[in-house]
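As stored in target.txt (compact mmCIF, C-alpha atoms):
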```txt
# COMPACT_ATOMS: atom_id res chain seq x y z
CA MET A 1 4.72 63.23 157.25
CA HIS A 2 7.70 61.35 155.90
CA ARG A 3 8.97 58.11 157.44
CA LEU A 4 12.61 57.10 157.97
CA SER A 5 13.94 53.86 156.52
CA TYR A 6 17.29 52.18 156.06
CA ASN A 7 18.54 50.32 152.99
CA ALA A 8 19.52 46.74 153.74
CA ASN A 9 22.40 46.94 151.27
CA GLY A 10 24.31 48.48 154.18
CA LEU A 11 23.56 45.39 156.29
CA ARG A 12 24.68 42.67 153.92
CA ASN A 13 26.88 41.03 156.55
CA LEU A 14 23.72 40.08 158.45
CA THR A 15 20.95 37.69 157.55
CA VAL A 16 17.97 39.50 156.07
CA GLU A 17 15.90 38.59 159.16
CA ARG A 18 18.52 40.10 161.45
CA ALA A 19 18.78 43.16 159.21
CA VAL A 20 15.06 43.82 159.69
CA GLU A 21 15.49 43.48 163.45
CA GLU A 22 18.49 45.83 163.58
CA VAL A 23 16.66 48.52 161.59
CA ALA A 24 13.65 48.27 163.90
CA GLU A 25 15.82 48.35 167.03
CA ALA A 26 17.50 51.53 165.78
CA GLY A 27 14.12 53.26 165.65
CA TYR A 28 13.35 53.36 161.93
CA ASP A 29 9.85 53.15 160.49
CA GLY A 30 10.82 50.99 157.55
CA ILE A 31 13.47 49.10 155.63
CA GLU A 32 14.39 49.22 151.97
CA LEU A 33 15.16 45.63 151.05
CA SER A 34 17.83 45.00 148.44
CA LEU A 35 18.59 42.33 145.89
CA HIS A 36 21.80 40.69 147.01
CA PRO A 37 22.75 37.00 147.29
CA ALA A 38 23.12 37.43 151.05
CA HIS A 39 19.53 38.66 151.39
CA ILE A 40 17.30 38.25 148.34
CA ASP A 41 18.71 36.31 145.41
CA PRO A 42 16.41 37.08 142.48
CA PHE A 43 17.25 33.78 140.80
CA SER A 44 16.40 31.49 143.70
CA PHE A 45 14.06 33.44 146.00
CA SER A 46 11.40 31.11 147.37
CA ASP A 47 8.04 31.27 149.11
CA ASN A 48 9.73 30.06 152.30
CA GLU A 49 12.24 32.91 152.19
CA ALA A 50 9.43 35.37 151.57
CA SER A 51 7.58 33.99 154.59
CA VAL A 52 10.61 34.52 156.84
CA ILE A 53 10.88 38.17 155.76
CA ARG A 54 7.15 38.83 156.10
CA LYS A 55 7.15 37.37 159.62
CA ALA A 56 10.16 39.50 160.60
CA LEU A 57 8.38 42.61 159.34
CA GLU A 58 5.21 41.71 161.23
CA ARG A 59 7.14 40.92 164.39
CA THR A 60 9.06 44.19 164.38
CA GLY A 61 6.23 46.38 163.11
CA ILE A 62 8.26 48.10 160.40
CA GLU A 63 7.38 48.40 156.71
CA ALA A 64 9.29 47.25 153.66
CA CYS A 65 8.99 50.46 151.68
CA CYS A 66 10.94 49.60 148.54
CA LEU A 67 12.97 46.87 146.85
CA ALA A 68 16.32 48.11 145.53
CA ALA A 69 17.03 46.17 142.35
CA GLY A 70 20.34 47.72 141.32
CA ALA A 71 23.12 45.83 143.10
CA ASP A 72 26.29 46.05 141.04
CA ASN A 73 27.25 42.43 140.34
CA LEU A 74 23.94 40.62 140.00
CA LEU A 75 24.38 39.81 136.30
CA SER A 76 28.14 39.87 135.69
CA GLU A 77 31.51 40.80 137.13
CA GLU A 78 31.34 44.07 135.16
CA ARG A 79 29.55 46.42 137.53
CA PHE A 80 25.92 47.19 136.63
CA GLU A 81 26.18 45.30 133.34
CA PRO A 82 24.46 44.35 131.18
CA SER A 83 22.19 47.36 131.56
CA LEU A 84 18.95 48.52 130.01
CA VAL A 85 21.04 50.45 127.46
CA HIS A 86 23.61 47.71 126.76
CA PRO A 87 24.63 47.39 123.06
CA ASP A 88 23.80 43.67 123.00
CA ALA A 89 20.09 42.81 122.78
CA ALA A 90 20.58 39.59 124.76
CA GLY A 91 22.25 41.59 127.51
CA ARG A 92 19.39 44.07 127.66
CA ALA A 93 16.96 41.15 127.82
CA ARG A 94 18.78 39.81 130.87
CA ARG A 95 18.35 43.14 132.65
CA VAL A 96 14.67 43.33 131.68
CA ASP A 97 14.23 39.83 133.09
CA LEU A 98 15.89 40.90 136.35
CA VAL A 99 13.52 43.85 136.75
CA LYS A 100 10.55 41.56 136.04
CA ARG A 101 11.82 39.18 138.73
CA SER A 102 12.09 42.18 141.07
CA VAL A 103 8.45 43.04 140.48
CA ARG A 104 7.40 39.48 141.28
CA ILE A 105 9.48 39.47 144.48
CA ALA A 106 7.99 42.83 145.50
CA ASP A 107 4.53 41.35 145.04
CA MET A 108 5.48 38.33 147.16
CA LEU A 109 6.58 40.64 149.97
CA GLY A 110 3.87 43.28 149.62
CA ILE A 111 6.38 45.98 148.66
CA PRO A 112 4.83 48.87 146.66
CA LEU A 113 7.95 50.08 144.80
CA ILE A 114 11.10 48.86 143.15
CA ASN A 115 14.11 51.12 142.68
CA PHE A 116 16.27 50.67 139.57
CA ALA A 117 18.49 52.69 137.23
CA THR A 118 19.47 52.91 133.57
CA GLY A 119 23.09 51.83 133.77
CA LYS A 120 25.87 53.54 131.82
CA ARG A 121 25.83 54.24 128.08
CA LYS A 122 28.88 52.67 126.50
CA PRO A 123 30.85 54.96 124.14
CA GLU A 124 29.89 53.00 121.02
CA VAL A 125 26.15 53.37 121.74
CA ASP A 126 24.35 56.28 120.10
CA PRO A 127 22.25 58.25 122.65
CA ALA A 128 19.16 57.92 120.46
CA ASP A 129 19.54 54.14 120.38
CA ALA A 130 20.07 54.04 124.14
CA ARG A 131 16.88 56.03 124.70
CA ARG A 132 14.88 53.81 122.35
CA TRP A 133 16.15 50.64 124.05
CA LEU A 134 15.42 52.10 127.48
CA ILE A 135 11.83 52.94 126.58
CA GLU A 136 11.33 49.54 124.92
CA GLY A 137 12.66 47.72 127.97
CA ILE A 138 10.58 49.62 130.51
CA THR A 139 7.47 49.33 128.35
CA GLU A 140 7.97 45.56 128.13
CA ILE A 141 8.26 45.35 131.92
CA LEU A 142 5.14 47.46 132.45
CA ASP A 143 3.12 45.55 129.85
CA SER A 144 4.16 42.04 130.92
CA THR A 145 3.89 42.30 134.71
CA ASP A 146 0.36 42.05 136.07
CA SER A 147 1.09 44.07 139.18
CA ASP A 148 0.52 47.38 140.95
CA VAL A 149 4.21 47.67 141.86
CA VAL A 150 5.61 51.04 140.76
CA LEU A 151 8.93 51.18 138.89
CA ALA A 152 10.83 54.06 140.49
CA MET A 153 13.91 55.04 138.49
CA GLU A 154 16.87 56.50 140.36
CA PRO A 155 19.19 58.94 138.58
CA GLU A 156 22.80 57.93 139.14
CA PRO A 157 25.98 59.95 138.48
CA GLU A 158 27.61 58.89 135.18
CA PHE A 159 24.62 56.72 134.20
CA PHE A 160 22.62 57.32 131.02
CA LEU A 161 19.98 59.19 133.02
CA GLU A 162 21.74 60.98 135.87
CA THR A 163 19.43 63.90 136.73
CA ASN A 164 15.94 64.24 138.14
CA ALA A 165 14.92 66.23 135.07
CA ALA A 166 16.00 63.43 132.72
CA VAL A 167 13.92 60.84 134.57
CA ALA A 168 11.00 63.29 134.78
CA GLN A 169 11.11 63.69 130.99
CA LEU A 170 11.09 59.91 130.58
CA ALA A 171 8.10 59.71 132.94
CA ARG A 172 6.22 62.18 130.72
CA GLU A 173 6.99 60.06 127.65
CA LEU A 174 5.96 56.79 129.28
CA ASP A 175 2.85 58.37 130.84
CA SER A 176 2.24 55.44 133.18
CA PRO A 177 0.96 55.53 136.77
CA ARG A 178 3.42 52.70 137.42
CA PHE A 179 6.54 54.71 136.57
CA ALA A 180 7.99 57.33 138.91
CA LEU A 181 11.18 59.01 140.12
CA ALA A 182 13.24 57.68 143.02
CA GLN A 183 15.25 60.71 144.08
CA ASP A 184 18.64 60.25 145.70
CA LEU A 185 19.54 63.37 147.66
CA GLY A 186 23.28 62.73 147.52
CA HIS A 187 23.18 62.11 143.78
CA CYS A 188 21.31 65.40 143.37
CA ARG A 189 24.12 67.14 145.25
CA VAL A 190 26.71 65.58 142.94
CA VAL A 191 25.09 66.27 139.54
CA GLU A 192 22.63 69.16 140.00
CA GLU A 193 23.66 72.82 140.10
CA ASP A 194 20.97 73.57 142.71
CA TYR A 195 20.23 70.24 144.33
CA LEU A 196 17.56 71.48 146.74
CA ALA A 197 15.67 73.30 143.99
CA SER A 198 15.70 70.09 141.97
CA VAL A 199 14.40 68.11 144.95
CA GLU A 200 11.49 70.51 145.35
CA ARG A 201 10.70 70.80 141.64
CA HIS A 202 10.43 67.03 141.22
CA LEU A 203 8.76 66.19 144.52
CA PRO A 204 5.29 65.59 142.96
CA ILE A 205 6.55 62.52 141.02
CA THR A 206 8.73 61.14 143.83
CA PRO A 207 7.34 58.29 145.99
CA VAL A 208 10.65 57.48 147.72
CA PHE A 209 13.95 59.17 148.58
CA GLN A 210 17.38 57.68 149.13
CA VAL A 211 19.63 59.83 151.30
CA GLU A 212 23.25 59.94 152.35
CA ASP A 213 25.63 62.78 153.03
CA ILE A 214 28.12 64.09 150.46
CA LYS A 215 31.34 66.05 150.91
CA GLY A 216 31.63 68.71 148.24
CA ARG A 217 30.32 67.09 145.07
CA THR A 218 32.23 63.81 145.30
CA HIS A 219 30.09 60.72 144.81
CA TYR A 220 30.90 58.87 148.02
CA HIS A 221 28.12 58.00 150.45
CA GLU A 222 28.88 59.57 153.82
CA ILE A 223 26.95 59.00 157.04
CA PRO A 224 24.49 61.89 157.56
CA GLY A 225 26.26 64.61 159.51
CA ASP A 226 29.65 63.85 157.94
CA GLY A 227 29.18 65.89 154.77
CA ASP A 228 27.78 69.17 153.47
CA ILE A 229 24.12 68.42 152.68
CA ASP A 230 21.58 70.78 154.26
CA PHE A 231 19.22 68.22 155.75
CA VAL A 232 17.18 70.83 157.63
CA GLU A 233 16.26 72.59 154.37
CA PHE A 234 15.65 69.22 152.74
CA PHE A 235 13.07 68.36 155.40
CA ARG A 236 11.53 71.85 155.08
CA ILE A 237 11.00 71.09 151.39
CA LEU A 238 9.36 67.76 152.20
CA ARG A 239 7.14 69.48 154.76
CA ARG A 240 6.09 72.25 152.37
CA GLY A 241 5.33 69.70 149.67
CA GLY A 242 3.32 67.42 151.96
CA TYR A 243 5.61 64.49 151.23
CA ALA A 244 4.38 61.37 153.03
CA GLY A 245 6.72 58.72 151.64
CA HIS A 246 9.87 57.13 152.99
CA VAL A 247 13.30 58.70 153.33
CA SER A 248 15.67 55.74 153.05
CA VAL A 249 19.28 55.95 154.21
CA GLU A 250 21.66 54.28 151.75
CA LEU A 251 25.09 53.46 153.17
CA TYR A 252 26.15 50.33 151.29
CA ASN A 253 29.78 51.30 151.90
CA HIS A 254 29.47 51.35 155.71
CA SER A 255 28.43 47.75 156.37
CA ASP A 256 31.53 47.23 158.54
CA VAL A 257 30.26 49.89 160.98
CA TYR A 258 26.57 49.28 160.42
CA ARG A 259 25.40 49.91 163.99
CA HIS A 260 27.14 53.28 164.12
CA ALA A 261 25.78 54.13 160.65
CA LEU A 262 22.25 53.08 161.63
CA ARG A 263 22.14 55.06 164.85
CA ARG A 264 24.01 58.18 163.78
CA SER A 265 21.92 58.47 160.62
CA HIS A 266 18.71 58.19 162.64
CA GLU A 267 19.94 60.72 165.18
CA VAL A 268 21.06 63.31 162.62
CA LEU A 269 18.03 62.98 160.36
CA THR A 270 15.54 63.00 163.23
CA ALA A 271 17.14 66.15 164.62
CA ALA A 272 17.13 67.83 161.21
CA ALA A 273 13.45 66.97 160.67
CA ALA A 274 12.58 68.35 164.12
CA SER A 275 14.49 71.53 163.40
CA ALA A 276 12.70 71.92 160.06
CA GLU A 277 9.34 71.50 161.77
CA SER A 278 10.10 73.94 164.59
CA SER A 279 11.30 76.62 162.14
CA SER A 280 8.30 76.28 159.83
CA GLY A 281 6.15 78.58 161.93
CA ASP A 282 3.43 75.98 162.56
```

Show me this structure written as structure tokens.
Amino acid sequence: MHRLSYNANGLRNLTVERAVEEVAEAGYDGIELSLHPAHIDPFSFSDNEASVIRKALERTGIEACCLAAGADNLLSEERFEPSLVHPDAAGRARRVDLVKRSVRIADMLGIPLINFATGKRKPEVDPADARRWLIEGITEILDSTDSDVVLAMEPEPEFFLETNAAVAQLARELDSPRFALAQDLGHCRVVEEDYLASVERHLPITPVFQVEDIKGRTHYHEIPGDGDIDFVEFFRILRRGGYAGHVSVELYNHSDVYRHALRRSHEVLTAAAASAESSSGD
């Protein structure tokens, strides 16, 4: 069965230790840690900081399921730039270095996955060049990091790869056990014609889900229960597919009401999962 987690990017006003405690107190099974200067700065993260996080996880009994490596202003004031498909080779190298740092931090913390994305393709970049640079960058990361950490790519609306199918095709080309798809249920709702069919079709290559609610097809992360996503059917799909990974709530835009977001998300998702189980006929 799946496990519920909460992304710490929605708790950035707290210390990372307190974020772990709040997630545990709200009843979650895990936490998705996130690169952010307030929590994990990839350019200064130390063994001492890693020890504090590991002890908090041990003390609370929850699991760090994933490390989100895609915060918007880690490398520049221009959001998500430079990306893996940036026109400047030095810029792409900076992003590759950041992902490599993320892998090392995940190893320090015993986290099995990192979550990252392609970034946007600038208008002057030919799609064929962007694809070549993307494959070169990911291949370099895979070849130069002696680790079992899986690189899970998340499709993002308006990014170079924005659909599950596009990431699945890349996974076939890379053909690596260390590359997978990180599905985001809300993003599926925004960009896919049949978001639930896409979820089910790509479940076999998905080790982690991010979830939030969506109103209509507008890309704004709503608290579960405040939008139009059919969470009961989503959990039926997970049940049918035997999914045993984490379902991680991502509400980076609700940090000012984090306790409400934590508890309402847990309540709505737990109820939806229970409803899916009771209607399965088991």

Given all atoms listed in the file as the counted atoms, nearest of A:Glu136, A:Glu63, A:Glu267, A:Asp107 to A:Asp29: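 Counting all atoms listed in the file, the residue closest to A:Asp29 is A:Glu63.
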
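Considering only C-alpha atoms, the residue among A:Arg104, A:Cys65, A:Arg189, A:Ser44 positioned nearest to A:Ala244 is A:Cys65.
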
Counting only C-alpha atoms, which residue out of A:Leu84, A:Leu185, A:Val16, A:Val191 sits closest to A:Gly137? A:Leu84

Return the single residue from A:Phe116, A:Tyr252, A:Tyr195, A:Phe80 that is closest to A:Asp230, with distances computed using only C-alpha atoms. A:Tyr195

Between atom CA of A:Leu170 and atom CA of A:Asp126, what is the spacing in Å?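 Interatomic distance, atom CA of A:Asp126 to atom CA of A:Leu170: 17.3 Å.
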
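Atom CA of A:Ile138 lies 22.0 Å from atom CA of A:Glu78.
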
How would you write as a list in words the residues that get within 10 Å of (24.4, 42.6, 157.5) in the file's frame, counting all atoms listed in the file? Ala8, Asn9, Gly10, Leu11, Arg12, Asn13, Leu14, Thr15, Val16, Glu17, Arg18, Ala19, Val20, Glu22, Ala38, His39, Ser255, Asp256, Val257, Tyr258 and Arg259 of chain A

Please provide as a PyMOL selection string all residues within 12 Å of stretch 127-131 of chain A, with the sequence filter that same-chain residues fewer than 2 positions apart are discarded (counting only C-alpha atoms). chain A and resi 83-89+92+118-125+133-138+159-161+166-167+169-170+173-174

How would you write as a list in words the residues that get within 12 Å of (20.9, 35.2, 144.7) in the file's frame, counting all atoms listed in the file? Ser34, Leu35, His36, Pro37, Ala38, His39, Ile40, Asp41, Pro42, Phe43, Ser44, Phe45, Ser46, Glu49, Ala69, Ala71, Asn73, Leu74, Leu75, Leu98, Arg101 and Ser102 of chain A

Create the file for the chosen residues now, containing C-alpha atoms and written as a PDB file, keeping the file's coordinate frame.
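Generated output (part12.pdb):
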```pdb
ATOM      1  CA  SER A  34      17.830  45.000 148.440  1.00  0.00           C
ATOM      2  CA  LEU A  35      18.590  42.330 145.890  1.00  0.00           C
ATOM      3  CA  HIS A  36      21.800  40.690 147.010  1.00  0.00           C
ATOM      4  CA  PRO A  37      22.750  37.000 147.290  1.00  0.00           C
ATOM      5  CA  ALA A  38      23.120  37.430 151.050  1.00  0.00           C
ATOM      6  CA  HIS A  39      19.530  38.660 151.390  1.00  0.00           C
ATOM      7  CA  ILE A  40      17.300  38.250 148.340  1.00  0.00           C
ATOM      8  CA  ASP A  41      18.710  36.310 145.410  1.00  0.00           C
ATOM      9  CA  PRO A  42      16.410  37.080 142.480  1.00  0.00           C
ATOM     10  CA  PHE A  43      17.250  33.780 140.800  1.00  0.00           C
ATOM     11  CA  SER A  44      16.400  31.490 143.700  1.00  0.00           C
ATOM     12  CA  PHE A  45      14.060  33.440 146.000  1.00  0.00           C
ATOM     13  CA  SER A  46      11.400  31.110 147.370  1.00  0.00           C
ATOM     14  CA  GLU A  49      12.240  32.910 152.190  1.00  0.00           C
ATOM     15  CA  ALA A  69      17.030  46.170 142.350  1.00  0.00           C
ATOM     16  CA  ALA A  71      23.120  45.830 143.100  1.00  0.00           C
ATOM     17  CA  ASN A  73      27.250  42.430 140.340  1.00  0.00           C
ATOM     18  CA  LEU A  74      23.940  40.620 140.000  1.00  0.00           C
ATOM     19  CA  LEU A  75      24.380  39.810 136.300  1.00  0.00           C
ATOM     20  CA  LEU A  98      15.890  40.900 136.350  1.00  0.00           C
ATOM     21  CA  ARG A 101      11.820  39.180 138.730  1.00  0.00           C
ATOM     22  CA  SER A 102      12.090  42.180 141.070  1.00  0.00           C
TER      23      SER A 102
END
```

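Between atom CA of A:Ile229 and atom CA of A:Arg172 the interatomic distance comes to 29.0 Å.
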